[in-house]
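As provided, model.cif (mmCIF, C-alpha atoms) reads as follows.
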```
data_structure
loop_
_atom_site.label_atom_id
_atom_site.label_comp_id
_atom_site.auth_asym_id
_atom_site.auth_seq_id
_atom_site.Cartn_x
_atom_site.Cartn_y
_atom_site.Cartn_z
CA MET A 1 35.07 7.87 -10.84
CA GLU A 2 32.47 10.54 -11.44
CA THR A 3 29.08 10.43 -9.73
CA GLU A 4 27.32 10.54 -13.08
CA ASP A 5 29.26 7.45 -14.16
CA PHE A 6 27.98 5.64 -11.08
CA ALA A 7 24.45 6.76 -11.89
CA ALA A 8 24.76 5.63 -15.51
CA ASP A 9 26.21 2.27 -14.38
CA ALA A 10 23.42 1.82 -11.85
CA ALA A 11 20.82 2.59 -14.53
CA LEU A 12 22.36 0.05 -16.91
CA PHE A 13 22.49 -2.59 -14.14
CA ALA A 14 18.82 -1.89 -13.38
CA ARG A 15 18.04 -2.45 -17.08
CA MET A 16 19.98 -5.71 -17.04
CA ARG A 17 18.12 -6.83 -13.90
CA ARG A 18 14.81 -6.31 -15.67
CA MET A 19 16.14 -8.03 -18.78
CA TRP A 20 17.18 -11.15 -16.82
CA GLU A 21 13.94 -11.13 -14.84
CA ASP A 22 12.22 -11.16 -18.22
CA VAL A 23 14.28 -13.72 -20.17
CA ASP A 24 14.98 -16.08 -17.25
CA PRO A 25 12.28 -15.49 -14.64
CA VAL A 26 12.21 -17.15 -11.23
CA PRO A 27 10.16 -20.35 -11.79
CA ALA A 28 6.55 -20.20 -10.68
CA GLU A 29 6.15 -21.72 -7.22
CA LEU A 30 9.90 -21.61 -6.44
CA VAL A 31 9.40 -19.00 -3.72
CA ASP A 32 6.52 -20.90 -2.08
CA ARG A 33 8.42 -24.17 -2.25
CA MET A 34 11.43 -22.55 -0.61
CA VAL A 35 9.24 -21.08 2.16
CA ALA A 36 7.79 -24.57 2.76
CA ALA A 37 11.18 -26.32 2.66
CA VAL A 38 12.57 -23.90 5.22
CA ALA A 39 9.44 -24.14 7.41
CA VAL A 40 9.67 -27.95 7.80
CA GLU A 41 13.39 -27.64 8.51
CA ASP A 42 12.98 -24.94 11.15
CA LEU A 43 12.60 -26.86 14.40
CA SER A 44 11.98 -23.71 16.43
CA ARG A 45 8.73 -23.12 14.59
CA GLU A 46 5.31 -23.61 16.15
CA TYR A 47 3.10 -25.78 13.97
CA ALA A 48 -0.66 -26.08 14.14
CA LEU A 49 -1.49 -29.48 15.57
CA LEU A 50 -3.38 -32.12 13.63
CA THR A 51 -5.12 -34.47 16.05
CA LEU A 52 -5.66 -38.20 15.74
CA VAL A 53 -9.19 -38.92 14.53
CA GLU A 54 -8.81 -42.59 13.67
CA GLY A 55 -6.37 -45.36 14.48
CA THR A 56 -3.97 -45.86 17.35
CA LEU A 57 -0.62 -44.27 18.11
CA ALA A 58 0.85 -47.70 18.94
CA ALA A 59 3.41 -49.49 16.83
CA VAL A 60 3.21 -51.93 13.97
CA ARG A 61 4.38 -55.18 15.60
CA GLY A 62 5.51 -57.45 12.82
CA GLU A 63 5.78 -58.09 9.13
CA THR A 64 2.15 -58.94 8.66
CA ASP A 65 0.94 -56.08 10.82
CA THR A 66 -0.18 -52.75 9.38
CA ALA A 67 -1.53 -49.58 10.92
CA THR A 68 -3.68 -46.82 9.52
CA LEU A 69 -3.76 -43.42 11.18
CA GLN A 70 -5.82 -40.41 10.32
CA PHE A 71 -5.05 -36.91 11.57
CA SER A 72 -7.10 -33.78 11.04
CA ASP A 73 -7.72 -30.25 12.25
CA GLY A 74 -11.23 -30.24 10.81
CA THR A 75 -10.13 -28.77 7.49
CA THR A 76 -6.94 -30.54 6.50
CA SER A 77 -6.62 -34.31 6.88
CA VAL A 78 -3.67 -36.67 6.59
CA LEU A 79 -3.95 -40.41 6.24
CA LEU A 80 -0.93 -42.61 7.02
CA HIS A 81 -0.53 -46.29 6.30
CA VAL A 82 2.39 -47.96 8.08
CA THR A 83 3.75 -51.35 7.03
CA ALA A 84 6.82 -53.37 8.03
CA THR A 85 9.51 -53.82 5.37
CA GLU A 86 11.57 -56.95 4.68
CA ASP A 87 14.61 -55.32 6.26
CA GLY A 88 12.80 -54.80 9.55
CA GLY A 89 12.16 -51.12 8.88
CA ARG A 90 8.88 -49.37 8.24
CA ARG A 91 7.31 -47.97 5.14
CA VAL A 92 4.93 -45.05 5.54
CA ASP A 93 2.51 -44.27 2.73
CA GLY A 94 0.56 -41.10 3.13
CA TRP A 95 -2.14 -39.01 1.58
CA VAL A 96 -3.07 -35.40 2.33
CA ASP A 97 -6.20 -33.64 1.05
CA ALA A 98 -4.46 -30.33 0.34
CA ALA A 99 -1.64 -29.25 -1.98
CA ALA A 100 1.49 -30.19 -0.02
CA LEU A 101 4.69 -28.25 -0.69
CA ALA A 102 6.96 -29.99 1.82
CA ILE A 103 6.58 -33.13 3.93
CA ARG A 104 8.97 -34.37 6.57
CA LEU A 105 9.01 -37.20 9.07
CA VAL A 106 10.94 -36.24 12.20
CA GLN A 107 12.25 -38.93 14.51
CA GLY A 108 14.72 -37.82 17.18
CA ASP A 109 17.91 -36.99 15.32
CA HIS A 110 16.67 -38.50 12.07
CA GLU A 111 14.54 -36.80 9.48
CA TRP A 112 13.17 -37.94 6.18
CA SER A 113 11.81 -35.78 3.40
CA ALA A 114 9.14 -36.98 0.98
CA GLU A 115 8.41 -35.54 -2.42
CA PRO A 116 4.79 -34.51 -2.68
CA GLY A 117 3.34 -36.64 -5.47
CA GLU A 118 0.16 -36.80 -7.53
CA HIS A 119 -3.16 -36.27 -5.74
CA GLY A 120 -1.57 -35.60 -2.36
CA ARG A 121 0.26 -38.92 -2.19
CA PHE A 122 3.69 -39.27 -0.57
CA ALA A 123 5.82 -42.09 0.82
CA PHE A 124 8.75 -42.72 3.14
CA ASP A 125 10.26 -45.99 1.88
CA GLU A 126 12.43 -47.07 4.76
CA VAL A 127 12.03 -45.58 8.22
CA THR A 128 13.59 -46.84 11.45
CA PRO A 129 10.96 -48.21 13.85
CA GLY A 130 10.34 -45.78 16.70
CA VAL A 131 8.50 -42.66 17.74
CA ALA A 132 7.97 -40.13 14.97
CA ARG A 133 5.93 -37.14 13.98
CA LEU A 134 4.97 -35.77 10.59
CA ARG A 135 5.41 -32.13 9.60
CA LEU A 136 3.95 -30.64 6.49
CA VAL A 137 3.33 -27.33 4.76
CA VAL A 138 0.27 -27.12 2.53
CA ARG A 139 -1.32 -24.46 0.39
CA ASP A 140 -4.93 -23.93 1.44
CA ALA A 141 -7.85 -23.00 -0.80
CA ASP A 142 -7.07 -19.27 -0.44
CA GLY A 143 -3.50 -19.82 -1.62
CA ALA A 144 -2.03 -19.19 1.85
CA LEU A 145 0.63 -21.53 3.23
CA ARG A 146 -0.21 -23.36 6.45
CA ASP A 147 2.05 -25.61 8.47
CA PHE A 148 1.01 -28.57 10.56
CA GLN A 149 2.45 -31.31 12.65
CA THR A 150 0.96 -34.49 14.03
CA PRO A 151 1.35 -35.75 17.59
CA GLN A 152 4.06 -38.33 18.04
CA PHE A 153 3.15 -41.81 16.94
CA GLU A 154 4.98 -45.10 16.77
CA VAL A 155 6.02 -46.55 13.44
CA MET B 1 31.07 -7.97 6.00
CA GLY B 2 34.10 -6.32 4.46
CA ALA B 3 34.27 -2.64 3.78
CA MET B 4 32.69 -1.46 0.56
CA THR B 5 35.21 -0.94 -2.16
CA GLN B 6 34.99 2.06 -4.40
CA ALA B 7 33.99 -0.12 -7.33
CA GLY B 8 31.18 -1.72 -5.32
CA ALA B 9 29.59 1.55 -4.27
CA GLU B 10 26.54 1.95 -6.40
CA PRO B 11 24.22 4.80 -5.61
CA SER B 12 20.97 3.70 -4.07
CA VAL B 13 18.29 4.15 -6.69
CA ASP B 14 15.34 4.30 -4.34
CA SER B 15 16.88 5.76 -1.22
CA ALA B 16 13.49 6.16 0.47
CA GLU B 17 13.28 2.39 1.03
CA PRO B 18 15.85 0.49 3.04
CA ALA B 19 18.20 -1.53 0.83
CA ARG B 20 17.41 -5.21 0.37
CA TRP B 21 20.37 -6.28 2.54
CA GLU B 22 19.08 -4.05 5.35
CA ARG B 23 15.59 -5.55 5.15
CA ALA B 24 17.13 -9.04 5.08
CA ALA B 25 19.18 -8.25 8.18
CA ALA B 26 16.13 -6.94 10.07
CA LEU B 27 14.10 -10.07 9.21
CA PHE B 28 16.97 -12.35 10.20
CA VAL B 29 17.22 -10.62 13.60
CA ARG B 30 13.46 -10.98 14.14
CA TRP B 31 13.65 -14.68 13.27
CA ARG B 32 16.52 -15.24 15.70
CA GLU B 33 14.49 -13.50 18.37
CA GLY B 34 11.75 -16.11 17.93
CA ASP B 35 9.47 -14.68 15.22
CA SER B 36 9.33 -17.74 12.95
CA ARG B 37 7.23 -15.92 10.31
CA ALA B 38 10.07 -13.47 9.71
CA MET B 39 11.91 -16.36 8.04
CA ASP B 40 9.08 -16.71 5.50
CA GLU B 41 9.52 -13.07 4.58
CA LEU B 42 13.28 -13.44 4.37
CA VAL B 43 12.86 -16.40 2.00
CA ARG B 44 10.42 -14.40 -0.14
CA LEU B 45 12.76 -11.42 -0.24
CA MET B 46 15.98 -13.26 -1.09
CA THR B 47 14.92 -16.23 -3.25
CA PRO B 48 14.60 -14.19 -6.49
CA PRO B 49 18.09 -12.64 -6.34
CA LEU B 50 19.55 -16.02 -5.30
CA TRP B 51 17.96 -17.60 -8.38
CA HIS B 52 19.62 -15.09 -10.68
CA VAL B 53 23.00 -15.36 -8.96
CA VAL B 54 22.92 -19.17 -9.27
CA ARG B 55 21.77 -19.04 -12.90
CA ALA B 56 24.69 -16.70 -13.64
CA TYR B 57 26.92 -19.78 -13.23
CA GLY B 58 25.25 -21.58 -16.12
CA VAL B 59 23.58 -24.10 -13.80
CA ASP B 60 20.48 -25.57 -15.50
CA PRO B 61 17.06 -24.55 -14.11
CA ALA B 62 16.33 -27.80 -12.21
CA LEU B 63 19.76 -27.86 -10.57
CA ALA B 64 19.54 -24.14 -9.86
CA GLN B 65 16.39 -24.74 -7.83
CA ASP B 66 18.23 -27.41 -5.81
CA VAL B 67 21.11 -25.01 -5.22
CA VAL B 68 18.73 -22.33 -3.94
CA GLN B 69 17.11 -24.86 -1.61
CA THR B 70 20.48 -26.09 -0.33
CA THR B 71 21.38 -22.48 0.41
CA TRP B 72 18.26 -21.96 2.54
CA LEU B 73 18.61 -25.24 4.43
CA THR B 74 22.25 -24.38 5.13
CA LEU B 75 21.13 -21.07 6.61
CA VAL B 76 18.65 -22.76 8.96
CA ARG B 77 21.21 -25.37 10.06
CA ARG B 78 24.20 -23.08 10.41
CA HIS B 79 22.79 -19.68 11.27
CA GLU B 80 24.69 -19.69 14.59
CA THR B 81 27.90 -19.25 12.62
CA ILE B 82 26.77 -15.85 11.36
CA ASN B 83 28.10 -13.42 13.94
CA ASP B 84 26.92 -10.23 12.30
CA PRO B 85 23.24 -10.37 11.30
CA LEU B 86 23.88 -7.49 8.89
CA ALA B 87 25.91 -9.97 6.87
CA VAL B 88 23.02 -12.37 6.24
CA SER B 89 22.30 -11.31 2.66
CA GLY B 90 25.99 -11.46 1.74
CA TRP B 91 26.25 -14.82 3.53
CA LEU B 92 23.32 -16.21 1.52
CA THR B 93 24.66 -15.07 -1.85
CA MET B 94 28.14 -16.32 -0.99
CA CYS B 95 26.74 -19.70 0.01
CA ALA B 96 24.67 -19.86 -3.21
CA ARG B 97 27.67 -18.86 -5.35
CA ARG B 98 29.91 -21.44 -3.74
CA GLU B 99 27.33 -24.19 -4.25
CA ALA B 100 26.53 -23.04 -7.80
CA TRP B 101 30.21 -23.00 -8.67
CA ARG B 102 30.71 -26.51 -7.25
CA VAL B 103 27.62 -27.93 -8.95
CA GLY B 104 28.32 -26.03 -12.18
CA LYS B 105 31.86 -27.37 -12.36
CA GLN B 106 30.67 -30.97 -12.05
CA HIS B 107 27.98 -30.32 -14.59
CA ARG B 108 30.35 -28.69 -17.10
CA ARG B 109 32.74 -31.59 -16.79
CA ALA B 110 29.96 -34.11 -17.36
CA ASP B 111 28.52 -32.18 -20.26
CA ALA B 112 31.42 -30.25 -21.68
CA THR B 113 30.16 -29.89 -25.22
CA GLU B 114 27.00 -28.05 -24.32
CA ALA B 115 27.46 -24.31 -24.62
CA GLU B 116 24.38 -23.69 -22.54
CA SER B 117 25.30 -20.24 -21.30
CA LEU B 118 25.14 -19.03 -24.89
CA GLU B 119 21.75 -20.49 -25.63
CA PRO B 120 19.64 -17.71 -27.08
CA HIS B 121 16.73 -17.30 -24.72
CA LEU B 122 14.00 -15.01 -25.88
CA PRO B 123 11.61 -13.45 -23.41
CA VAL B 124 9.43 -16.30 -22.20
CA HIS B 125 6.56 -14.39 -20.69
CA GLU B 126 4.74 -11.21 -21.48
CA SER B 127 2.88 -9.11 -18.97
CA ALA B 128 -0.01 -6.91 -19.97
CA GLU B 129 1.75 -3.66 -19.16
CA GLN B 130 4.78 -4.50 -21.23
CA THR B 131 4.76 -2.43 -24.37
CA ALA B 132 6.17 -3.62 -27.66
CA ALA B 133 8.94 -1.04 -27.28
CA GLN B 134 10.02 -2.53 -23.94
CA ASP B 135 10.04 -6.00 -25.42
CA ASP B 136 12.23 -4.72 -28.20
CA GLU B 137 14.54 -3.07 -25.69
CA THR B 138 14.84 -6.28 -23.67
CA ARG B 139 15.62 -8.24 -26.82
CA ARG B 140 18.28 -5.79 -27.93
CA LEU B 141 19.89 -5.67 -24.50
CA TRP B 142 19.85 -9.48 -24.33
CA THR B 143 21.39 -9.77 -27.79
CA ALA B 144 24.13 -7.32 -26.78
CA VAL B 145 24.86 -9.12 -23.50
CA ALA B 146 25.02 -12.44 -25.39
CA THR B 147 27.94 -11.10 -27.48
CA LEU B 148 30.08 -10.81 -24.31
CA ASN B 149 32.23 -13.71 -23.13
CA ASP B 150 30.92 -16.08 -20.43
CA ARG B 151 32.96 -14.44 -17.71
CA CYS B 152 31.56 -10.98 -18.46
CA GLN B 153 28.00 -12.27 -18.65
CA ARG B 154 28.36 -14.05 -15.32
CA LEU B 155 30.00 -11.10 -13.61
CA LEU B 156 27.42 -8.59 -14.83
CA ARG B 157 24.53 -10.79 -13.75
CA ILE B 158 25.97 -11.39 -10.28
CA VAL B 159 26.67 -7.69 -9.78
CA ALA B 160 23.21 -6.77 -11.08
CA PHE B 161 21.47 -8.93 -8.44
CA GLU B 162 23.77 -8.50 -5.47
CA ASP B 163 23.29 -5.24 -3.71
CA ARG B 164 26.49 -5.58 -1.73
CA PRO B 165 28.93 -7.32 -4.04
CA ASP B 166 31.75 -9.09 -2.31
CA TYR B 167 34.45 -8.54 -4.86
CA ALA B 168 37.11 -10.70 -3.25
CA ARG B 169 34.80 -13.69 -3.38
CA ILE B 170 33.62 -13.12 -6.95
CA ALA B 171 37.24 -12.74 -8.05
CA GLU B 172 38.11 -16.08 -6.47
CA ASP B 173 35.15 -17.80 -8.09
CA LEU B 174 35.95 -16.44 -11.51
CA ALA B 175 39.66 -17.23 -11.10
CA MET B 176 40.66 -13.60 -11.50
CA PRO B 177 43.19 -11.78 -9.36
CA ILE B 178 41.56 -9.81 -6.54
CA GLY B 179 41.57 -6.14 -7.39
CA SER B 180 40.94 -6.74 -11.06
CA ILE B 181 37.22 -7.16 -10.54
CA GLY B 182 36.44 -3.46 -10.57
CA PRO B 183 38.36 -2.84 -13.79
CA THR B 184 36.97 -6.09 -15.25
CA ARG B 185 33.45 -4.96 -14.47
CA GLN B 186 34.23 -1.65 -16.13
CA ARG B 187 35.64 -3.42 -19.19
CA CYS B 188 32.58 -5.67 -19.43
CA LEU B 189 30.28 -2.66 -19.10
CA ALA B 190 32.31 -0.71 -21.66
CA LYS B 191 32.09 -3.59 -24.15
CA LEU B 192 28.37 -3.83 -23.57
CA ARG B 193 27.93 -0.09 -24.09
CA ALA B 194 29.96 -0.23 -27.29
CA VAL B 195 27.74 -3.00 -28.67
CA LEU B 196 24.59 -1.15 -27.61
CA GLU B 197 25.72 2.13 -29.11
CA GLY B 198 26.60 0.39 -32.34
CA ASP B 199 23.01 -0.78 -32.32
CA GLY B 200 21.67 2.74 -31.79
CA TRP B 201 20.74 2.16 -28.11
CA ARG B 202 19.81 5.26 -26.13
CA GLY B 203 18.43 3.46 -23.11
CA ASP B 204 20.88 4.80 -20.53
CA ASP B 205 19.14 8.16 -20.42
CA ASP B 206 15.66 7.32 -19.26
CA GLY B 207 16.50 6.17 -15.75
CA ASN B 208 14.66 3.25 -14.21
#
```
Let me see the file written as structure tokens.
Amino acid sequence: METEDFAADAALFARMRRMWEDVDPVPAELVDRMVAAVAVEDLSREYALLTLVEGTLAAVRGETDTATLQFSDGTTSVLLHVTATEDGGRRVDGWVDAAALAIRLVQGDHEWSAEPGEHGRFAFDEVTPGVARLRLVVRDADGALRDFQTPQFEV
Amino acid sequence: MGAMTQAGAEPSVDSAEPARWERAAALFVRWREGDSRAMDELVRLMTPPLWHVVRAYGVDPALAQDVVQTTWLTLVRRHETINDPLAVSGWLTMCARREAWRVGKQHRRADATEAESLEPHLPVHESAEQTAAQDDETRRLWTAVATLNDRCQRLLRIVAFEDRPDYARIAEDLAMPIGSIGPTRQRCLAKLRAVLEGDGWRGDDDGN
């Protein structure tokens, strides 16, 4: 094939790229959400630590027991409410005061993902009792992504 | 990574910058060496082409986002299996294509009557610097591409967004004999050119 044919093909492919970028653009936020999803999955990553400002790292003991934990780094805060479920597991309801893109509860070999909901709310419906830590990626006021993890706590 | 075939060798348009697959490879190496932020850059670099490759399979937008996410999580979990870091961009697009094909097949079976790949999409956003002429050009190119069969549309979109097309794999996905992909691409391009020329298109001349 002639070089000029390659050049003409390449030019037409470049046109088609722009056309598809125009008629079917990458959804807004997809790139940031993918960065966040990968960040909470990447166990080799170093996360900024949120420290416990209220509550205790000890476990919920029984069905009527509940625990409330608050973690913060001074700017970003996470509130967790742990309750026992009927099946002997734990439910973790959470709230974060920043726009969360990915939230994950890591417990040994097990991990749970939560969908960030309205007003920073999220929930893990059924978690095995044990030692866990929360990882999350949020978008701060400047639009930058920041990733955090809590110390280990008992659920 | 297999050797480049003749049909896959497209001239580099902006040869001053390293190709996308080369940048991807460099970022992947940095990440493996412990620079966790290099992964963020790799995700930012490769998510847009992955989106277009997945959408080429007629997967709806919500599912396409899931497929792109699955692709990235698979990379983090299975990166040890990639022996040659230079292959990372090809590995990602292959993984996305395989998943898109699998998901798309289920979806087509469940919803066989919907001819969604032929839905006429018009440009959905306008940027300030886009002139009316460019909009018109996009519309005419889109209309011409939409006259091609599904297989041609899919093939052209994949090739347009993959900078190192793996022809053996595309051929398998599209259920075409290996070796026919180059000629098929040429036939699809020729059909497209014929439609465009019939429409008075002279867009090939003014470069990029």
query: Residues of chain A within 9 Å of chain B, using all atoms listed in the file, as a VMD selection string?
result: chain A and resid 1 3 6 to 27 30 to 39 41 to 42 44 to 46
Give me, as CSV, each residue of segment 93-147 of chain A that comes within 12 Å of segment 51-58 of chain A, together with its shortest interatomic pair and the distance in Å at one decimal, counting only C-alpha atoms, with rows ordered by chain and rising residue number.
```
residue,atom,partner,partner_atom,distance
A:Pro129,CA,A:Ala58,CA,11.3
A:Gly130,CA,A:Ala58,CA,9.9
A:Val131,CA,A:Ala58,CA,9.2
A:Ala132,CA,A:Leu57,CA,10.0
A:Arg133,CA,A:Leu57,CA,10.5
A:Leu134,CA,A:Thr51,CA,11.5
```
statement: The residue from B:Thr81, B:Gly90, B:Asp150, B:Cys95 with the smallest atom-to-atom distance to Glu22 of chain B, counting all atoms listed in the file, is B:Gly90
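As for atom CA of Ala25 of chain B and atom CA of Tyr47 of chain A, they are spaced 24.5 Å apart.
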- prompt: If you apply the PyMOL selection byres ((chain A and resi 139) around 10) to this file, what residues do you get, as a ChimeraX atom specification?
  reply: /A:32,36,98-101,137-138,140-147
